[in-house]
>>> print(open('input.tsv').read())   # TSV, C-alpha atoms
chain	number	residue	atom	x	y	z
A	30	MET	CA	0.00	0.00	0.00
A	31	THR	CA	1.27	3.43	-0.89
A	32	PRO	CA	1.11	6.21	1.74
A	33	VAL	CA	-1.13	9.26	1.44
A	34	GLN	CA	0.33	11.50	-1.26
A	35	GLN	CA	0.00	15.28	-1.35
A	36	PHE	CA	0.89	17.67	-4.14
A	37	THR	CA	1.01	21.48	-4.30
A	38	ILE	CA	0.61	23.02	-7.75
A	39	ARG	CA	3.58	25.18	-8.75
A	40	ARG	CA	4.49	24.62	-12.41
A	41	HIS	CA	1.30	22.97	-13.69
A	42	ALA	CA	-1.35	25.65	-13.26
A	43	GLY	CA	-4.02	25.33	-15.95
A	44	GLN	CA	-3.65	21.55	-16.32
A	45	ARG	CA	-6.66	19.31	-15.77
A	46	LEU	CA	-6.77	17.33	-12.54
A	47	ASP	CA	-7.02	13.94	-14.27
A	48	ASN	CA	-4.07	14.64	-16.58
A	49	PHE	CA	-1.95	15.86	-13.68
A	50	LEU	CA	-2.57	12.69	-11.69
A	51	LEU	CA	-2.05	10.44	-14.72
A	52	ARG	CA	1.46	11.87	-15.01
A	53	GLU	CA	2.27	11.87	-11.29
A	54	LEU	CA	0.83	8.40	-10.57
A	55	LYS	CA	2.17	6.52	-13.59
A	56	PRO	CA	1.87	2.97	-12.13
A	57	VAL	CA	-1.82	3.53	-11.34
A	58	PRO	CA	-4.36	2.51	-14.05
A	59	ARG	CA	-6.35	5.36	-15.57
A	60	SER	CA	-9.60	3.69	-14.52
A	61	ARG	CA	-8.49	3.69	-10.86
A	62	ILE	CA	-7.53	7.38	-10.98
A	63	MET	CA	-10.88	8.32	-12.55
A	64	ARG	CA	-12.77	6.32	-9.94
A	65	MET	CA	-10.87	7.95	-7.09
A	66	ILE	CA	-11.69	11.43	-8.37
A	67	ARG	CA	-15.37	10.70	-9.04
A	68	SER	CA	-15.89	9.01	-5.66
A	69	GLY	CA	-14.35	11.95	-3.79
A	70	GLU	CA	-11.27	10.07	-2.56
A	71	VAL	CA	-9.07	12.69	-4.23
A	72	ARG	CA	-9.40	16.09	-2.57
A	73	VAL	CA	-8.38	19.48	-3.95
A	74	ASN	CA	-8.03	22.11	-1.22
A	75	GLY	CA	-9.94	19.74	1.07
A	76	LYS	CA	-12.95	19.42	-1.26
A	77	ARG	CA	-14.25	17.02	-3.88
A	78	ALA	CA	-13.37	17.97	-7.45
A	79	LYS	CA	-14.42	17.16	-10.99
A	80	VAL	CA	-12.19	15.12	-13.28
A	81	HIS	CA	-11.80	18.05	-15.68
A	82	LEU	CA	-11.04	20.68	-13.00
A	83	LYS	CA	-8.41	23.18	-14.20
A	84	LEU	CA	-5.77	23.42	-11.49
A	85	SER	CA	-4.54	26.78	-10.14
A	86	GLU	CA	-1.18	27.71	-8.63
A	87	GLY	CA	-1.12	26.84	-4.94
A	88	ASP	CA	-3.86	24.19	-5.14
A	89	ARG	CA	-3.28	21.34	-2.70
A	90	ILE	CA	-4.14	17.81	-3.89
A	91	ARG	CA	-4.49	14.84	-1.54
A	92	VAL	CA	-4.40	11.27	-2.92
A	93	PRO	CA	-5.46	8.41	-0.61
A	94	PRO	CA	-3.36	5.29	0.05
A	95	LEU	CA	-3.39	2.87	-2.91
A	96	VAL	CA	-3.28	-0.91	-3.09
A	97	LEU	CA	-2.45	-1.42	-6.75
A	98	GLU	CA	-2.75	-5.19	-6.84
A	99	GLU	CA	-6.38	-4.99	-5.75
A	100	ASP	CA	-7.40	-2.89	-8.76
A	101	ASN	CA	-8.60	-5.22	-11.51
A	102	THR	CA	-10.83	-2.73	-13.30
A	103	ALA	CA	-10.34	-2.95	-17.06
A	104	GLU	CA	-9.05	0.19	-18.71
A	105	VAL	CA	-11.31	1.82	-21.30
A	106	PRO	CA	-9.09	2.05	-24.41
A	107	GLY	CA	-8.65	5.41	-26.06
A	108	TRP	CA	-9.94	4.19	-29.42
A	109	LEU	CA	-13.27	3.22	-27.82
A	110	ILE	CA	-13.61	6.66	-26.23
A	111	ASP	CA	-12.94	8.10	-29.71
A	112	VAL	CA	-15.78	5.95	-31.08
A	113	VAL	CA	-18.14	7.64	-28.63
A	114	SER	CA	-16.75	11.10	-29.39
A	115	ASN	CA	-17.30	10.62	-33.13
A	116	ASN	CA	-20.72	8.96	-32.96
A	117	VAL	CA	-22.91	10.84	-30.47
A	118	ILE	CA	-26.09	11.62	-32.43
A	119	TYR	CA	-28.28	13.03	-29.64
A	120	GLU	CA	-27.87	14.46	-26.15
A	121	SER	CA	-30.29	16.06	-23.70
A	122	ASP	CA	-30.40	16.43	-19.93
A	123	ARG	CA	-31.95	12.93	-19.80
A	124	LEU	CA	-30.65	10.91	-22.74
A	125	ILE	CA	-27.62	10.18	-24.89
A	126	ALA	CA	-27.78	8.31	-28.21
A	127	VAL	CA	-24.76	6.82	-29.95
A	128	ASN	CA	-24.56	5.40	-33.48
A	129	LYS	CA	-22.71	2.21	-32.53
A	130	PRO	CA	-20.40	0.69	-35.16
A	131	SER	CA	-20.68	-3.02	-35.90
A	132	GLY	CA	-18.35	-5.23	-33.86
A	133	ILE	CA	-18.58	-3.33	-30.56
A	134	SER	CA	-20.38	-4.79	-27.54
A	135	VAL	CA	-22.71	-2.47	-25.67
A	136	HIS	CA	-21.56	-3.89	-22.32
A	137	ALA	CA	-18.77	-6.05	-20.89
A	138	GLY	CA	-19.17	-9.82	-20.85
A	139	THR	CA	-17.27	-13.07	-20.50
A	140	SER	CA	-15.13	-12.36	-23.57
A	141	VAL	CA	-15.24	-8.55	-23.48
A	142	ASP	CA	-13.53	-6.51	-20.76
A	143	VAL	CA	-15.25	-3.20	-21.49
A	144	GLY	CA	-18.28	-2.18	-23.51
A	145	LEU	CA	-19.67	0.92	-25.15
A	146	VAL	CA	-21.43	1.94	-21.94
A	147	ASP	CA	-18.06	2.12	-20.14
A	148	ALA	CA	-16.69	4.42	-22.82
A	149	VAL	CA	-19.81	6.61	-22.67
A	150	ARG	CA	-19.36	6.99	-18.90
A	151	GLU	CA	-15.70	7.85	-19.40
A	152	TYR	CA	-16.33	10.34	-22.21
A	153	PHE	CA	-19.13	12.16	-20.37
A	154	ASP	CA	-17.38	11.83	-16.98
A	155	ASP	CA	-20.50	10.38	-15.37
A	156	ASP	CA	-20.58	6.94	-13.71
A	157	ASP	CA	-24.37	7.22	-13.24
A	158	ILE	CA	-25.06	6.78	-16.98
A	159	GLN	CA	-26.91	3.51	-17.66
A	160	LEU	CA	-27.47	1.48	-20.81
A	161	GLY	CA	-31.08	1.99	-21.90
A	162	HIS	CA	-31.44	-1.03	-24.18
A	163	ARG	CA	-29.28	-3.53	-26.05
A	164	ILE	CA	-28.45	-4.33	-29.64
A	165	ASP	CA	-26.25	-7.21	-30.77
A	166	ARG	CA	-22.49	-6.78	-31.00
A	167	ASP	CA	-22.46	-7.13	-34.79
A	168	THR	CA	-25.52	-4.91	-35.32
A	169	SER	CA	-24.73	-1.24	-35.93
A	170	GLY	CA	-26.94	1.69	-35.06
A	171	CYS	CA	-28.78	3.67	-32.44
A	172	VAL	CA	-28.19	2.83	-28.77
A	173	LEU	CA	-29.75	4.87	-25.96
A	174	PHE	CA	-28.16	5.70	-22.61
A	175	ALA	CA	-29.99	7.19	-19.65
A	176	LYS	CA	-28.42	9.99	-17.63
A	177	THR	CA	-30.86	9.58	-14.74
A	178	ARG	CA	-32.65	6.73	-12.99
A	179	VAL	CA	-36.01	8.24	-13.99
A	180	ALA	CA	-35.02	8.30	-17.66
A	181	LEU	CA	-33.88	4.66	-17.46
A	182	LEU	CA	-37.20	3.57	-15.97
A	183	GLU	CA	-39.08	5.50	-18.66
A	184	ILE	CA	-37.17	3.66	-21.39
A	185	HIS	CA	-37.86	0.29	-19.77
A	186	HIS	CA	-41.55	1.10	-19.34
A	187	ALA	CA	-41.83	2.17	-22.97
A	188	LEU	CA	-40.17	-1.04	-24.15
A	189	GLN	CA	-42.39	-3.24	-22.00
A	190	HIS	CA	-45.60	-1.53	-23.11
A	191	HIS	CA	-44.72	-1.20	-26.81
A	192	GLN	CA	-44.59	2.61	-26.61
A	193	PHE	CA	-41.17	2.76	-28.15
A	194	VAL	CA	-40.88	2.21	-31.92
A	195	LYS	CA	-37.56	0.85	-33.16
A	196	GLN	CA	-36.84	0.57	-36.87
A	197	TYR	CA	-33.98	-1.24	-38.55
A	198	GLU	CA	-32.63	-1.60	-42.06
A	199	GLY	CA	-31.09	-4.81	-43.23
A	200	ILE	CA	-29.89	-6.53	-46.39
A	201	VAL	CA	-30.88	-10.20	-46.70
A	202	ALA	CA	-29.89	-12.92	-49.13
A	203	GLY	CA	-32.39	-13.70	-51.89
A	204	CYS	CA	-35.62	-12.11	-53.03
A	205	TRP	CA	-37.93	-11.42	-50.07
A	206	PRO	CA	-41.56	-12.40	-50.85
A	207	HIS	CA	-43.83	-9.39	-51.44
A	208	ASP	CA	-46.66	-11.09	-49.54
A	209	VAL	CA	-44.64	-11.49	-46.31
A	210	SER	CA	-44.99	-8.25	-44.35
A	211	GLU	CA	-44.95	-9.76	-40.85
A	212	ILE	CA	-43.56	-12.84	-39.14
A	213	THR	CA	-45.09	-14.00	-35.85
A	214	VAL	CA	-43.44	-17.21	-34.69
A	215	PRO	CA	-42.28	-17.86	-31.10
A	216	LEU	CA	-38.59	-17.87	-30.21
A	217	ARG	CA	-36.75	-19.96	-27.64
A	218	LYS	CA	-33.23	-19.40	-26.28
A	219	PHE	CA	-30.85	-22.33	-25.83
A	220	ARG	CA	-27.14	-23.05	-25.39
A	221	LEU	CA	-24.75	-24.93	-27.63
A	222	PRO	CA	-22.37	-27.49	-26.03
A	223	ASN	CA	-19.69	-24.76	-25.91
A	224	ASN	CA	-22.17	-22.60	-23.93
A	225	GLU	CA	-22.71	-20.18	-26.82
A	226	ARG	CA	-26.16	-18.61	-26.72
A	227	ARG	CA	-28.50	-19.23	-29.65
A	228	VAL	CA	-32.17	-18.67	-30.47
A	229	GLU	CA	-34.53	-20.86	-32.49
A	230	VAL	CA	-38.13	-20.92	-33.64
A	231	HIS	CA	-39.98	-23.24	-31.29
A	232	LYS	CA	-43.60	-23.65	-30.21
A	233	SER	CA	-42.56	-23.52	-26.55
A	234	GLY	CA	-40.80	-20.18	-27.02
A	235	LYS	CA	-41.96	-16.64	-26.27
A	236	ALA	CA	-44.21	-14.73	-28.66
A	237	ALA	CA	-42.29	-12.61	-31.18
A	238	ALA	CA	-43.46	-10.39	-34.03
A	239	THR	CA	-41.49	-8.53	-36.70
A	240	LYS	CA	-42.78	-6.34	-39.54
A	241	PHE	CA	-41.01	-6.12	-42.91
A	242	GLU	CA	-41.11	-3.68	-45.83
A	243	ILE	CA	-39.13	-4.12	-49.04
A	244	LEU	CA	-37.12	-1.00	-49.91
A	245	ARG	CA	-35.11	-2.48	-52.79
A	246	SER	CA	-34.79	-5.92	-54.35
A	247	SER	CA	-32.76	-7.80	-56.93
A	248	ASP	CA	-32.46	-11.44	-57.93
A	249	SER	CA	-29.94	-12.10	-55.18
A	250	LEU	CA	-30.60	-9.53	-52.44
A	251	SER	CA	-33.34	-7.58	-50.66
A	252	TRP	CA	-32.95	-4.35	-48.69
A	253	LEU	CA	-35.60	-4.24	-45.97
A	254	ARG	CA	-37.07	-1.81	-43.46
A	255	ILE	CA	-37.69	-3.88	-40.33
A	256	GLU	CA	-39.74	-3.11	-37.23
A	257	PRO	CA	-39.66	-5.56	-34.30
A	258	THR	CA	-42.83	-5.13	-32.24
A	259	THR	CA	-41.43	-7.40	-29.53
A	260	GLY	CA	-37.88	-7.37	-28.22
A	261	ARG	CA	-36.61	-10.95	-28.12
A	262	THR	CA	-32.94	-11.85	-28.30
A	263	HIS	CA	-31.72	-12.12	-31.94
A	264	GLN	CA	-35.34	-11.72	-33.04
A	265	ILE	CA	-34.79	-10.07	-36.43
A	266	ARG	CA	-31.94	-12.39	-37.34
A	267	VAL	CA	-33.86	-15.57	-36.50
A	268	HIS	CA	-37.09	-14.43	-38.16
A	269	CYS	CA	-35.14	-13.66	-41.35
A	270	GLN	CA	-33.46	-17.06	-41.21
A	271	TYR	CA	-36.85	-18.72	-40.63
A	272	GLN	CA	-38.18	-17.08	-43.79
A	273	GLY	CA	-35.17	-18.43	-45.70
A	274	HIS	CA	-33.49	-15.06	-46.23
A	275	ALA	CA	-30.82	-14.61	-43.58
A	276	ILE	CA	-29.16	-11.27	-42.87
A	277	VAL	CA	-26.03	-10.94	-45.01
A	278	GLY	CA	-22.91	-11.32	-42.88
A	279	ASP	CA	-24.70	-13.07	-40.00
A	280	SER	CA	-22.13	-15.60	-38.78
A	281	LYS	CA	-24.59	-17.27	-36.38
A	282	TYR	CA	-27.71	-17.77	-38.46
A	283	ALA	CA	-26.77	-17.47	-42.16
A	284	ILE	CA	-26.45	-21.18	-42.98
A	285	GLN	CA	-26.08	-20.78	-46.75
A	286	ARG	CA	-23.73	-17.90	-47.48
A	287	SER	CA	-24.08	-17.32	-51.21
A	288	VAL	CA	-23.19	-13.66	-50.63
A	289	ARG	CA	-20.64	-12.53	-48.08
A	290	SER	CA	-19.84	-9.34	-46.21
A	291	PRO	CA	-17.21	-8.59	-43.55
A	292	ASN	CA	-19.94	-6.78	-41.60
A	293	MET	CA	-23.38	-8.02	-40.63
A	294	LEU	CA	-25.75	-5.85	-42.66
A	295	LEU	CA	-28.28	-5.08	-39.95
A	296	HIS	CA	-28.59	-1.50	-38.66
A	297	ALA	CA	-30.70	0.00	-35.86
A	298	LEU	CA	-31.96	3.00	-37.84
A	299	SER	CA	-34.15	4.90	-35.40
A	300	VAL	CA	-36.08	5.03	-32.15
A	301	GLN	CA	-39.28	6.99	-31.66
A	302	PHE	CA	-40.96	7.90	-28.38
A	303	VAL	CA	-44.68	8.45	-27.81
A	304	ASP	CA	-44.05	12.19	-27.37
A	305	GLY	CA	-42.82	12.31	-30.98
A	306	LEU	CA	-39.08	12.50	-30.29
A	307	THR	CA	-37.32	10.52	-33.03
A	308	ILE	CA	-33.59	9.80	-32.99
A	309	GLN	CA	-32.09	8.53	-36.23
A	310	ALA	CA	-28.70	6.92	-36.85
A	311	PRO	CA	-27.32	7.19	-40.41
A	312	VAL	CA	-26.84	3.85	-42.17
A	313	PRO	CA	-23.12	2.99	-42.61
A	314	SER	CA	-21.74	3.72	-46.08
A	315	TYR	CA	-20.71	0.10	-46.57
A	316	PHE	CA	-24.39	-0.90	-46.95
A	317	GLU	CA	-24.67	1.16	-50.14
A	318	GLU	CA	-21.24	0.07	-51.34
A	319	PHE	CA	-22.14	-3.61	-50.85
A	320	TRP	CA	-25.46	-3.18	-52.63
A	321	HIS	CA	-23.91	-1.63	-55.72
A	322	GLN	CA	-21.21	-4.30	-55.85
A	323	GLN	CA	-23.52	-7.27	-55.38
A	324	ALA	CA	-26.85	-6.11	-56.84
A	325	PRO	CA	-26.06	-3.58	-59.59
A	326	ALA	CA	-29.35	-4.22	-61.33
A	327	GLY	CA	-31.45	-3.80	-58.17
>>> encode(input="input.tsv", output="structure tokens")
Amino acid sequence: MTPVQQFTIRRHAGQRLDNFLLRELKPVPRSRIMRMIRSGEVRVNGKRAKVHLKLSEGDRIRVPPLVLEEDNTAEVPGWLIDVVSNNVIYESDRLIAVNKPSGISVHAGTSVDVGLVDAVREYFDDDDIQLGHRIDRDTSGCVLFAKTRVALLEIHHALQHHQFVKQYEGIVAGCWPHDVSEITVPLRKFRLPNNERRVEVHKSGKAAATKFEILRSSDSLSWLRIEPTTGRTHQIRVHCQYQGHAIVGDSKYAIQRSVRSPNMLLHALSVQFVDGLTIQAPVPSYFEEFWHQQAPAG
């Protein structure tokens, strides 16, 4: 354990508190320093201070004793914080919306040390921010975060009572039938022998409903507007597979991969609240690029 450390600002007036401590406490992980400041363990002139406080000459900083080996908190990498910085599409005093790129998990898990929510908390310097809802790791698009407990409960209530409209766009293999505008088959979760989570259509599963609209079509591909009216795990992906037209790039459910893409071509386009607020996330450019390469006559 390190002893209490105290610093008096002489040559570093104007520097932010977090940057000052990152330099002075080099063996200490960034995540630990941020947590100490936010929890009030670090004191400036005997008072709590914000991470981004600009230090003044003569300021006195007190750092509590540290047990480095007990800190196992994963560091939020700089590139993930940059993802948040470059993709915030909405902010109010209640909500934040981020246009999540494909390949990024919204939260930490067994194989992921940190998620998008950790980077959002870091970027906005607010540990109270909570993930409002989930989208799959390989799905891109709009993800909501709640700044307050009330806002989080409002999101959950809206989801549970179907007062929250979510729309997606996706490109599927093959020509989607014009007479299929909705799929309503139940879905059941199960585990593979390696403990990987999967979902299947099964009569014992939970009710699930998804609406579909054809935006473009060709002989080999269909570009769809998709609206899930329930929120089951992997719902859109499994309903598309059930219809025989899996999402392009879906490594879990696309059994026959006649067309390939390095990204799964499913995008959470927008969310709309009952009060009329609509937040929209632009579709990644690689959707259009893929379409023109694979379906030039569509």
>>> atom_distance(input="input.tsv", atom1="atom CA of Gln301 of chain A", atom2="atom CA of Ala187 of chain A")
10.3 Å
>>> closest_residue(input="input.tsv", among="A:Ala238, A:Gly107, A:Arg166, A:Asp157", to="Ser140 of chain A", atoms="all atoms listed in the file")
A:Arg166
>>> residues_near_point(input="input.tsv", point="(-17.3, 5.4, -28.5)", cutoff="8 Å", atoms="all atoms listed in the file", output="list in words")
Trp108, Leu109, Ile110, Asp111, Val112, Val113, Ser114, Asn115, Asn116, Val127, Lys129, Leu145, Ala148 and Val149 of chain A
>>> atom_distance(input="input.tsv", atom1="atom CA of Cys204 of chain A", atom2="atom CA of Val228 of chain A")
23.7 Å
>>> atom_distance(input="input.tsv", atom1="atom CA of Ser314 of chain A", atom2="atom CA of Ile118 of chain A")
16.4 Å
>>> axis_aligned_box(input="input.tsv", around="segment 208-225 of chain A", padding_each_side="3 Å", output="lines of an AutoDock Vina configuration file")
center_x = -33.2
center_y = -17.9
center_z = -36.7
size_x = 33.0
size_y = 25.2
size_z = 31.6
>>> closest_residue(input="input.tsv", among="A:Val80, A:Leu294, A:Val209, A:Val92", to="Ser60 of chain A", atoms="only C-alpha atoms")
A:Val80
>>> residues_around(input="input.tsv", residues="Gly170 of chain A", least_positions_apart="2", cutoff="7 Å", atoms="only C-alpha atoms", output="number ranges by chain")
A: 128-130, 168, 172, 296-298, 310
>>> closest_residue(input="input.tsv", among="A:Ile90, A:Leu54, A:Ala137, A:Ala180", to="Asp122 of chain A", atoms="only C-alpha atoms")
A:Ala180
>>> residues_around(input="input.tsv", residues="Thr213 of chain A", least_positions_apart="2", cutoff="7 Å", atoms="all atoms listed in the file", output="PyMOL selection string")
chain A and resi 211+215+237-239
>>> residues_around(input="input.tsv", residues="segment 36-41 of chain A", least_positions_apart="5", cutoff="9 Å", atoms="only C-alpha atoms", output="NGL selection string")
:A and (49 or 84-92)
>>> closest_residue(input="input.tsv", among="A:Val33, A:Leu221, A:Val214, A:Met63", to="Tyr152 of chain A", atoms="all atoms listed in the file")
A:Met63
>>> closest_residue(input="input.tsv", among="A:Pro311, A:Pro206, A:Pro94, A:Gly199", to="Ile276 of chain A", atoms="all atoms listed in the file")
A:Gly199
>>> decode(input="input.tsv", residues="segment 78-97 of chain A", atoms="N, CA, C and O atoms", output="tab-separated table (two decimals), in the first residue's frame")
chain	number	residue	atom	x	y	z
A	78	ALA	N	-13.63	17.22	-6.22
A	78	ALA	CA	-13.37	17.97	-7.45
A	78	ALA	C	-13.78	17.13	-8.66
A	78	ALA	O	-13.82	15.90	-8.61
A	79	LYS	N	-14.09	17.81	-9.74
A	79	LYS	CA	-14.42	17.16	-10.99
A	79	LYS	C	-13.15	16.68	-11.70
A	79	LYS	O	-12.07	17.25	-11.53
A	80	VAL	N	-13.31	15.65	-12.52
A	80	VAL	CA	-12.19	15.12	-13.28
A	80	VAL	C	-11.51	16.19	-14.11
A	80	VAL	O	-10.29	16.26	-14.20
A	81	HIS	N	-12.33	17.06	-14.74
A	81	HIS	CA	-11.80	18.05	-15.68
A	81	HIS	C	-11.47	19.39	-15.03
A	81	HIS	O	-11.28	20.39	-15.73
A	82	LEU	N	-11.38	19.43	-13.69
A	82	LEU	CA	-11.04	20.68	-13.00
A	82	LEU	C	-9.71	21.22	-13.50
A	82	LEU	O	-8.72	20.49	-13.59
A	83	LYS	N	-9.66	22.51	-13.83
A	83	LYS	CA	-8.41	23.18	-14.20
A	83	LYS	C	-7.71	23.63	-12.92
A	83	LYS	O	-8.26	24.42	-12.13
A	84	LEU	N	-6.51	23.14	-12.71
A	84	LEU	CA	-5.77	23.42	-11.49
A	84	LEU	C	-5.20	24.84	-11.50
A	84	LEU	O	-4.85	25.38	-12.55
A	85	SER	N	-5.10	25.43	-10.30
A	85	SER	CA	-4.54	26.78	-10.14
A	85	SER	C	-3.29	26.71	-9.27
A	85	SER	O	-3.12	25.78	-8.46
A	86	GLU	N	-2.40	27.68	-9.44
A	86	GLU	CA	-1.18	27.71	-8.63
A	86	GLU	C	-1.54	27.75	-7.15
A	86	GLU	O	-2.41	28.53	-6.72
A	87	GLY	N	-0.87	26.90	-6.37
A	87	GLY	CA	-1.12	26.84	-4.94
A	87	GLY	C	-2.16	25.82	-4.53
A	87	GLY	O	-2.32	25.54	-3.32
A	88	ASP	N	-2.89	25.24	-5.49
A	88	ASP	CA	-3.86	24.19	-5.14
A	88	ASP	C	-3.16	23.02	-4.46
A	88	ASP	O	-2.06	22.61	-4.86
A	89	ARG	N	-3.82	22.48	-3.44
A	89	ARG	CA	-3.28	21.34	-2.70
A	89	ARG	C	-4.12	20.11	-3.03
A	89	ARG	O	-5.35	20.12	-2.87
A	90	ILE	N	-3.46	19.05	-3.48
A	90	ILE	CA	-4.14	17.81	-3.89
A	90	ILE	C	-3.74	16.69	-2.95
A	90	ILE	O	-2.55	16.47	-2.69
A	91	ARG	N	-4.74	15.98	-2.43
A	91	ARG	CA	-4.49	14.84	-1.54
A	91	ARG	C	-4.98	13.57	-2.23
A	91	ARG	O	-6.12	13.49	-2.68
A	92	VAL	N	-4.08	12.57	-2.32
A	92	VAL	CA	-4.40	11.27	-2.92
A	92	VAL	C	-4.36	10.22	-1.83
A	92	VAL	O	-3.37	10.15	-1.08
A	93	PRO	N	-5.40	9.40	-1.70
A	93	PRO	CA	-5.46	8.41	-0.61
A	93	PRO	C	-4.45	7.28	-0.82
A	93	PRO	O	-3.88	7.13	-1.91
A	94	PRO	N	-4.23	6.46	0.21
A	94	PRO	CA	-3.36	5.29	0.05
A	94	PRO	C	-3.90	4.37	-1.05
A	94	PRO	O	-5.12	4.24	-1.23
A	95	LEU	N	-3.00	3.71	-1.78
A	95	LEU	CA	-3.39	2.87	-2.91
A	95	LEU	C	-2.86	1.46	-2.73
A	95	LEU	O	-1.72	1.26	-2.33
A	96	VAL	N	-3.70	0.49	-3.03
A	96	VAL	CA	-3.28	-0.91	-3.09
A	96	VAL	C	-3.44	-1.33	-4.54
A	96	VAL	O	-4.51	-1.73	-4.98
A	97	LEU	N	-2.37	-1.24	-5.31
A	97	LEU	CA	-2.45	-1.42	-6.75
A	97	LEU	C	-2.89	-2.81	-7.15
A	97	LEU	O	-3.63	-2.99	-8.10
